[in-house]
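What follows is the content of work.cif, which has mmCIF, C-alpha atoms:
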```
data_work
#
loop_
_atom_site.label_atom_id
_atom_site.label_comp_id
_atom_site.auth_asym_id
_atom_site.auth_seq_id
_atom_site.Cartn_x
_atom_site.Cartn_y
_atom_site.Cartn_z
CA MET A 29 80.67 97.22 86.23
CA ARG A 30 83.06 96.40 83.39
CA ASN A 31 85.46 93.51 83.87
CA LEU A 32 88.22 95.12 85.91
CA ARG A 33 90.66 92.25 85.41
CA ASN A 34 90.46 92.67 81.63
CA LEU A 35 90.71 96.43 81.94
CA ILE A 36 93.88 96.27 84.02
CA ALA A 37 95.40 93.69 81.69
CA SER A 38 94.96 96.16 78.82
CA THR A 39 96.21 99.15 80.79
CA ALA A 40 99.69 99.16 79.23
CA ILE A 41 98.19 99.21 75.72
CA ALA A 42 95.81 102.02 76.62
CA PHE A 43 98.63 104.11 78.07
CA ALA A 44 100.81 103.52 75.02
CA LEU A 45 98.09 104.50 72.57
CA GLY A 46 96.79 107.42 74.56
CA ALA A 47 93.19 108.52 73.85
CA PRO A 48 92.78 111.74 75.76
CA VAL A 49 89.21 112.93 75.77
CA PHE A 50 89.33 115.78 78.25
CA ALA A 51 85.86 115.80 79.77
CA GLN A 52 84.55 119.22 80.70
CA ASP A 53 82.12 117.60 83.13
CA ALA A 54 84.80 115.66 85.06
CA PRO A 55 84.50 115.88 88.85
CA ALA A 56 86.68 118.33 90.75
CA VAL A 57 90.19 116.94 91.10
CA GLN A 58 90.08 116.94 94.91
CA ASP A 59 86.86 114.91 94.78
CA ILE A 60 88.54 112.40 92.45
CA VAL A 61 91.56 112.04 94.74
CA ASN A 62 89.41 111.77 97.88
CA LYS A 63 87.27 109.04 96.35
CA ALA A 64 90.32 107.14 95.06
CA SER A 65 91.86 107.21 98.55
CA ALA A 66 88.58 106.05 100.10
CA THR A 67 88.34 103.18 97.61
CA ALA A 68 91.93 102.08 98.16
CA TYR A 69 91.98 102.25 101.97
CA TYR A 70 88.53 102.78 103.52
CA GLN A 71 86.08 100.21 102.13
CA GLY A 72 84.02 98.70 104.94
CA GLN A 73 84.37 99.82 108.54
CA ASP A 74 87.28 97.41 109.00
CA GLY A 75 89.03 94.62 107.13
CA LYS A 76 91.39 91.66 107.19
CA ALA A 77 93.63 90.18 104.50
CA LYS A 78 96.10 87.31 104.13
CA VAL A 79 98.96 88.45 101.93
CA LYS A 80 101.92 86.83 100.19
CA MET A 81 104.90 89.06 99.39
CA GLU A 82 107.56 88.14 96.84
CA ILE A 83 110.66 90.35 96.75
CA LYS A 84 112.85 90.09 93.65
CA ASP A 85 116.25 91.78 93.61
CA GLU A 86 118.05 93.15 90.55
CA GLN A 87 119.78 89.78 90.01
CA GLY A 88 116.40 88.02 89.90
CA ARG A 89 116.80 86.32 93.28
CA THR A 90 113.57 86.05 95.24
CA ARG A 91 112.48 86.04 98.86
CA SER A 92 108.94 85.29 100.03
CA ARG A 93 107.03 86.49 103.05
CA GLU A 94 103.50 85.93 104.32
CA PHE A 95 101.55 88.17 106.67
CA THR A 96 98.10 89.11 107.89
CA ILE A 97 96.95 92.71 107.89
CA LEU A 98 94.12 94.11 110.03
CA ARG A 99 92.60 97.56 109.54
CA THR A 100 89.94 99.60 111.31
CA ASP A 101 88.58 103.09 110.73
CA VAL A 102 88.39 105.58 113.59
CA GLY A 103 84.90 106.96 113.21
CA ASN A 104 82.65 106.36 110.22
CA VAL A 105 84.24 108.81 107.79
CA ASP A 106 86.21 108.34 104.57
CA ASN A 107 89.79 109.60 104.61
CA GLY A 108 89.80 109.96 108.38
CA ASP A 109 92.05 108.42 111.03
CA GLN A 110 92.73 104.68 110.88
CA LYS A 111 94.65 101.93 112.62
CA PHE A 112 96.60 99.08 111.00
CA TYR A 113 98.19 95.93 112.40
CA VAL A 114 100.47 93.63 110.36
CA LEU A 115 101.76 90.27 111.63
CA PHE A 116 104.34 88.22 109.72
CA ASP A 117 103.97 84.41 109.69
CA LEU A 118 106.65 83.32 107.22
CA PRO A 119 109.55 82.78 106.75
CA ALA A 120 110.87 81.63 110.12
CA ASP A 121 113.37 84.48 110.47
CA VAL A 122 110.58 87.12 110.47
CA LYS A 123 107.82 85.06 112.12
CA GLY A 124 106.19 87.09 114.89
CA THR A 125 107.41 90.44 113.54
CA ALA A 126 104.57 92.92 113.97
CA PHE A 127 103.98 96.39 112.55
CA MET A 128 101.32 98.83 113.76
CA VAL A 129 100.19 102.23 112.50
CA TRP A 130 97.89 104.82 113.98
CA LYS A 131 97.19 106.98 110.96
CA HIS A 132 96.33 110.61 111.74
CA MET A 133 95.01 113.11 109.21
CA GLU A 134 95.93 116.18 111.26
CA ALA A 135 99.29 115.05 112.66
CA ASP A 136 102.20 112.70 111.99
CA ASP A 137 101.29 109.02 112.09
CA ASP A 138 102.37 106.84 115.01
CA ARG A 139 104.21 103.67 113.91
CA TRP A 140 105.67 100.75 115.85
CA LEU A 141 107.70 97.73 114.76
CA TYR A 142 108.16 94.70 117.01
CA LEU A 143 111.28 92.58 116.38
CA PRO A 144 110.87 89.22 118.17
CA ALA A 145 114.53 88.19 117.80
CA LEU A 146 115.46 91.17 119.98
CA ASP A 147 112.16 91.31 121.89
CA LEU A 148 112.21 94.99 120.94
CA VAL A 149 109.38 97.41 120.19
CA LYS A 150 110.75 100.18 118.01
CA ARG A 151 109.01 103.47 117.26
CA ILE A 152 109.31 104.43 113.59
CA ALA A 153 109.88 108.15 113.16
CA ALA A 154 107.74 110.16 110.78
CA SER A 155 110.88 110.79 108.73
CA ASP A 156 111.19 107.02 108.13
CA GLU A 157 107.73 106.51 106.62
CA ARG A 158 109.15 106.67 103.10
CA THR A 159 111.72 103.96 103.64
CA SER A 160 111.57 100.27 102.75
CA PHE A 161 108.89 98.21 104.49
CA VAL A 162 110.69 95.13 105.84
CA GLY A 163 113.16 95.04 102.97
CA SER A 164 110.58 95.26 100.17
CA HIS A 165 110.05 97.83 97.41
CA PHE A 166 106.95 99.08 99.23
CA PHE A 167 107.42 101.86 101.77
CA TYR A 168 105.87 102.08 105.23
CA GLU A 169 103.60 104.83 103.91
CA ASP A 170 102.35 102.55 101.12
CA VAL A 171 100.91 100.14 103.69
CA SER A 172 98.56 102.68 105.27
CA GLY A 173 98.24 105.21 102.46
CA ARG A 174 99.09 108.85 101.94
CA GLY A 175 96.57 111.47 103.07
CA PRO A 176 94.93 113.36 100.15
CA ALA A 177 95.55 116.69 101.91
CA GLU A 178 99.34 116.18 101.89
CA ASP A 179 99.61 117.10 98.21
CA THR A 180 98.38 119.60 95.64
CA HIS A 181 96.51 117.87 92.83
CA GLU A 182 96.03 118.62 89.14
CA LEU A 183 93.80 116.74 86.71
CA VAL A 184 96.11 116.55 83.69
CA GLU A 185 94.12 114.25 81.41
CA VAL A 186 90.89 112.29 81.10
CA THR A 187 90.70 109.22 78.86
CA ASP A 188 87.82 106.86 78.18
CA ASP A 189 88.74 104.83 81.27
CA TYR A 190 90.97 106.96 83.51
CA TYR A 191 91.36 110.20 85.39
CA ILE A 192 95.08 111.01 85.27
CA VAL A 193 96.13 113.15 88.23
CA ASP A 194 99.48 114.71 89.11
CA SER A 195 100.09 115.27 92.82
CA THR A 196 102.85 117.55 94.15
CA PRO A 197 103.88 117.36 97.83
CA LYS A 198 103.17 120.42 99.96
CA ASN A 199 106.11 119.57 102.23
CA THR A 200 108.86 118.79 99.74
CA GLY A 201 111.43 118.22 102.47
CA ALA A 202 109.51 115.23 103.86
CA VAL A 203 109.56 113.11 100.68
CA GLU A 204 112.05 111.94 98.06
CA PHE A 205 109.80 112.50 95.00
CA SER A 206 108.99 115.70 93.14
CA LYS A 207 105.49 114.51 92.18
CA PHE A 208 103.53 111.35 91.50
CA ARG A 209 101.01 110.57 88.78
CA ASN A 210 97.93 108.43 89.45
CA TYR A 211 95.86 106.64 86.82
CA ILE A 212 92.46 106.33 88.51
CA HIS A 213 89.84 104.04 86.97
CA LYS A 214 86.78 106.20 86.27
CA GLU A 215 84.15 103.59 87.13
CA SER A 216 85.62 101.99 90.25
CA PHE A 217 87.98 104.80 91.38
CA ILE A 218 90.74 102.22 91.91
CA PRO A 219 94.21 103.74 91.37
CA VAL A 220 95.57 101.17 88.92
CA LYS A 221 98.97 102.77 88.33
CA THR A 222 101.13 105.29 90.21
CA GLU A 223 104.37 106.73 88.85
CA TYR A 224 106.83 108.60 91.09
CA PHE A 225 109.10 111.25 89.58
CA ASP A 226 112.49 112.39 90.87
CA ALA A 227 113.79 115.97 90.89
CA GLN A 228 114.99 115.58 87.29
CA GLY A 229 111.51 114.56 86.11
CA ASN A 230 112.37 110.87 85.64
CA ILE A 231 110.09 108.03 86.71
CA TYR A 232 111.99 105.89 89.21
CA ARG A 233 109.24 104.09 91.09
CA THR A 234 106.02 102.53 89.73
CA TYR A 235 103.06 100.88 91.44
CA THR A 236 100.71 98.73 89.33
CA ALA A 237 97.48 97.00 90.31
CA GLN A 238 97.71 93.71 88.44
CA ALA A 239 94.36 92.20 89.49
CA VAL A 240 91.12 93.59 90.90
CA ASP A 241 88.18 91.53 92.19
CA VAL A 242 84.83 92.59 93.61
CA ILE A 243 84.72 91.26 97.20
CA GLU A 244 81.56 91.70 99.29
CA GLY A 245 80.52 94.42 96.86
CA HIS A 246 83.85 96.29 97.08
CA PRO A 247 86.27 96.54 94.12
CA THR A 248 89.51 95.33 95.69
CA VAL A 249 93.10 95.11 94.46
CA THR A 250 94.11 91.47 94.92
CA LYS A 251 97.53 91.61 93.27
CA SER A 252 99.93 94.53 92.96
CA GLU A 253 103.56 95.24 92.12
CA MET A 254 106.06 97.95 93.04
CA THR A 255 109.21 98.50 91.01
CA ASP A 256 112.04 100.86 91.96
CA THR A 257 114.96 101.60 89.66
CA ASN A 258 117.00 102.99 92.56
CA MET A 259 116.74 99.71 94.47
CA GLY A 260 116.50 97.47 91.43
CA GLY A 261 114.03 94.61 91.21
CA SER A 262 110.41 94.56 92.34
CA THR A 263 107.98 93.38 95.01
CA THR A 264 104.65 91.66 94.31
CA LEU A 265 101.80 91.44 96.82
CA THR A 266 99.11 88.79 96.34
CA TYR A 267 96.02 89.04 98.56
CA GLU A 268 94.91 85.43 99.06
CA THR A 269 91.86 86.27 101.19
CA VAL A 270 90.18 89.59 101.93
CA GLU A 271 87.29 90.18 104.35
CA TYR A 272 85.40 93.35 105.23
CA ASP A 273 83.38 94.37 108.29
CA VAL A 274 84.73 91.62 110.51
CA GLY A 275 84.06 93.49 113.77
CA LEU A 276 87.60 94.12 115.03
CA PRO A 277 87.72 95.59 118.56
CA ASP A 278 89.79 98.73 118.99
CA ASP A 279 92.09 97.21 121.61
CA VAL A 280 93.58 94.88 118.96
CA PHE A 281 95.47 97.96 117.76
CA SER A 282 97.34 98.55 121.01
CA GLU A 283 101.02 98.23 121.82
CA ARG A 284 100.51 95.22 124.11
CA TYR A 285 99.43 93.11 121.11
CA LEU A 286 102.72 93.68 119.33
CA ARG A 287 104.41 91.10 121.57
CA THR A 288 101.32 88.90 122.00
CA PRO A 289 99.37 88.86 118.71
CA PRO A 290 95.53 88.69 118.79
CA ARG A 291 95.47 85.19 117.27
CA ARG A 292 91.69 84.81 117.21
CA TYR A 293 91.50 87.64 114.66
CA MET A 294 94.39 86.28 112.58
CA ARG A 295 92.70 83.02 111.54
#
```
What do you get writing this file as structure tokens?
Amino acid sequence: MRNLRNLIASTAIAFALGAPVFAQDAPAVQDIVNKASATAYYQGQDGKAKVKMEIKDEQGRTRSREFTILRTDVGNVDNGDQKFYVLFDLPADVKGTAFMVWKHMEADDDRWLYLPALDLVKRIAASDERTSFVGSHFFYEDVSGRGPAEDTHELVEVTDDYYIVDSTPKNTGAVEFSKFRNYIHKESFIPVKTEYFDAQGNIYRTYTAQAVDVIEGHPTVTKSEMTDTNMGGSTTLTYETVEYDVGLPDDVFSERYLRTPPRRYMR
């Protein structure tokens, strides 16, 4: 595999220069999108990561947060149902805050947020999934991923290194964007850049994978950034440790663990 770190570092230059070589033998666009989703969210049967989040506002002021994220697949199938659990450790004012998702491919996801200061478990409505995740530039939906079947996809360009895919939502009333464009690395199928367009065709939100490492045989994004011109500023996520196939029991992803975190799996 080519050096993914070097490839991502040169992404901006490649995009600026262009180099479209539309390959007639490119895979079907749905296959590309399915594999990209599987690479981004489904590697290994389960996983654990320690993450640092830095939120920068439009004045350049920063806030930092640290959390652990657990993930398990429901069944051994790519792009199927999943469960996620996120526990915040720092700073003190969010310590103990927990977020859980039961991701469903054939129905709306179930989401819960536990706020320790209020000792309150709050259900997050499906209509809120594209709102800020704990004050960052990432949305709740970004944490668990968007199902490939929720959009109509078009392969608009193939370069030496990327499949460039435009995705248009089937349910336009459920989202704030008119379409998004993914730059998917041809060798690893990592989505290294995603641009979201508003109704006027302007890019207002951009995700960039800033570092990729191969961990336990899986190409893994270890640093990423989201910018949003509507909010101003940006949020950076740095994955300090990532583990796959750790053997997480299903009952970790239950409502009772929102108030009492499963500490043995958070170490």
I'd like the contact shell of region 149-152 of chain A - 8 Å cut-off, all atoms listed in the file, skipping same-chain residues fewer than 3 positions apart - returned as a list in words. Asp138, Arg139, Trp140, Leu141, Tyr142, Leu143, Asp156, Glu157 and Leu286 of chain A
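Candidate residues A:Lys131, A:Arg91, A:Lys80, A:Arg209 were compared for distance to Arg174 (chain A), and the nearest is A:Lys131, using all atoms listed in the file.
Take the candidates A:Glu82, A:Glu182, A:Asp59, A:Asp106 and check each one against Asp194 (chain A) using only C-alpha atoms; the shortest distance goes to A:Glu182.
Separating CA of Ile97 (chain A) from CA of Ala77 (chain A) is a distance of 5.4 Å.
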Might you spell out which residues the PyMOL selection byres ((chain A and resi 213-226) around 7) would select in the displayed file, as a PDB file with C-alpha atoms, in the coordinates of the input?
```
ATOM      1  CA  LYS A  63      87.270 109.040  96.350  1.00  0.00           C
ATOM      2  CA  ALA A  64      90.320 107.140  95.060  1.00  0.00           C
ATOM      3  CA  THR A  67      88.340 103.180  97.610  1.00  0.00           C
ATOM      4  CA  ALA A  68      91.930 102.080  98.160  1.00  0.00           C
ATOM      5  CA  ASP A 189      88.740 104.830  81.270  1.00  0.00           C
ATOM      6  CA  TYR A 190      90.970 106.960  83.510  1.00  0.00           C
ATOM      7  CA  TYR A 191      91.360 110.200  85.390  1.00  0.00           C
ATOM      8  CA  PHE A 205     109.800 112.500  95.000  1.00  0.00           C
ATOM      9  CA  SER A 206     108.990 115.700  93.140  1.00  0.00           C
ATOM     10  CA  LYS A 207     105.490 114.510  92.180  1.00  0.00           C
ATOM     11  CA  PHE A 208     103.530 111.350  91.500  1.00  0.00           C
ATOM     12  CA  ARG A 209     101.010 110.570  88.780  1.00  0.00           C
ATOM     13  CA  ASN A 210      97.930 108.430  89.450  1.00  0.00           C
ATOM     14  CA  TYR A 211      95.860 106.640  86.820  1.00  0.00           C
ATOM     15  CA  ILE A 212      92.460 106.330  88.510  1.00  0.00           C
ATOM     16  CA  ALA A 227     113.790 115.970  90.890  1.00  0.00           C
ATOM     17  CA  GLN A 228     114.990 115.580  87.290  1.00  0.00           C
ATOM     18  CA  GLY A 229     111.510 114.560  86.110  1.00  0.00           C
ATOM     19  CA  ASN A 230     112.370 110.870  85.640  1.00  0.00           C
ATOM     20  CA  ILE A 231     110.090 108.030  86.710  1.00  0.00           C
ATOM     21  CA  TYR A 232     111.990 105.890  89.210  1.00  0.00           C
ATOM     22  CA  ARG A 233     109.240 104.090  91.090  1.00  0.00           C
ATOM     23  CA  THR A 234     106.020 102.530  89.730  1.00  0.00           C
ATOM     24  CA  TYR A 235     103.060 100.880  91.440  1.00  0.00           C
ATOM     25  CA  THR A 236     100.710  98.730  89.330  1.00  0.00           C
ATOM     26  CA  ALA A 237      97.480  97.000  90.310  1.00  0.00           C
ATOM     27  CA  PRO A 247      86.270  96.540  94.120  1.00  0.00           C
TER      28      PRO A 247
END
```
Using only C-alpha atoms and a cutoff of 12 Å, can you tell me which residues are near (120.5, 93.5, 93.9) in the file's coordinates, and write them out as a count of residues only? 18
When you draw a straight line from CA of Met81 (chain A) to CA of Tyr267 (chain A), how long is it in Å? 8.9 Å
Might you spell out which residues the PyMOL selection byres ((chain A and resi 111) around 9) would select in the displayed file, as a ChimeraX atom specification? /A:98-102,109-110,112-113,128-132,172,278,281
What would the list of residues within 8 Å of (103.5, 84.4, 105.6) (file frame) look like as a compact mmCIF listing (two decimals) with C-alpha atoms, keeping the file's coordinate frame, if only C-alpha atoms are what count?
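Output file out_5.txt follows:
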```txt
# COMPACT_ATOMS: atom_id res chain seq x y z
CA VAL A 79 98.96 88.45 101.93
CA LYS A 80 101.92 86.83 100.19
CA MET A 81 104.90 89.06 99.39
CA SER A 92 108.94 85.29 100.03
CA ARG A 93 107.03 86.49 103.05
CA GLU A 94 103.50 85.93 104.32
CA PHE A 95 101.55 88.17 106.67
CA THR A 96 98.10 89.11 107.89
CA PHE A 116 104.34 88.22 109.72
CA ASP A 117 103.97 84.41 109.69
CA LEU A 118 106.65 83.32 107.22
CA PRO A 119 109.55 82.78 106.75
CA LYS A 123 107.82 85.06 112.12
```
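Counting from CA of Asp188 (chain A), the distance to CA of Glu253 (chain A) is 24.0 Å.
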Could you check the closest approach to Phe127 (chain A) for each of A:Thr200, A:Val249, A:Ser155, A:Val171 and tell me which residue wins, using only C-alpha atoms?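 So, comparing all the options, the nearest one is A:Val171.
In this comparison, which uses all atoms listed in the file, the residue of A:Asp137, A:Asp170, A:Asp121, A:Glu178 approaching Tyr69 (chain A) most closely is A:Asp170.
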Counting all atoms listed in the file, the residue of A:Ala239, A:Val61, A:Val280, A:Ala126 that sits nearest Phe161 (chain A):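 The answer is A:Ala126, which sits nearest to Phe161 (chain A).
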Find the residue from A:Asn107, A:Thr159, A:Gln71, A:Ser282 that sits nearest to Val270 (chain A); use all atoms listed in the file when measuring.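 Under the stated criterion, the closest residue is A:Gln71.
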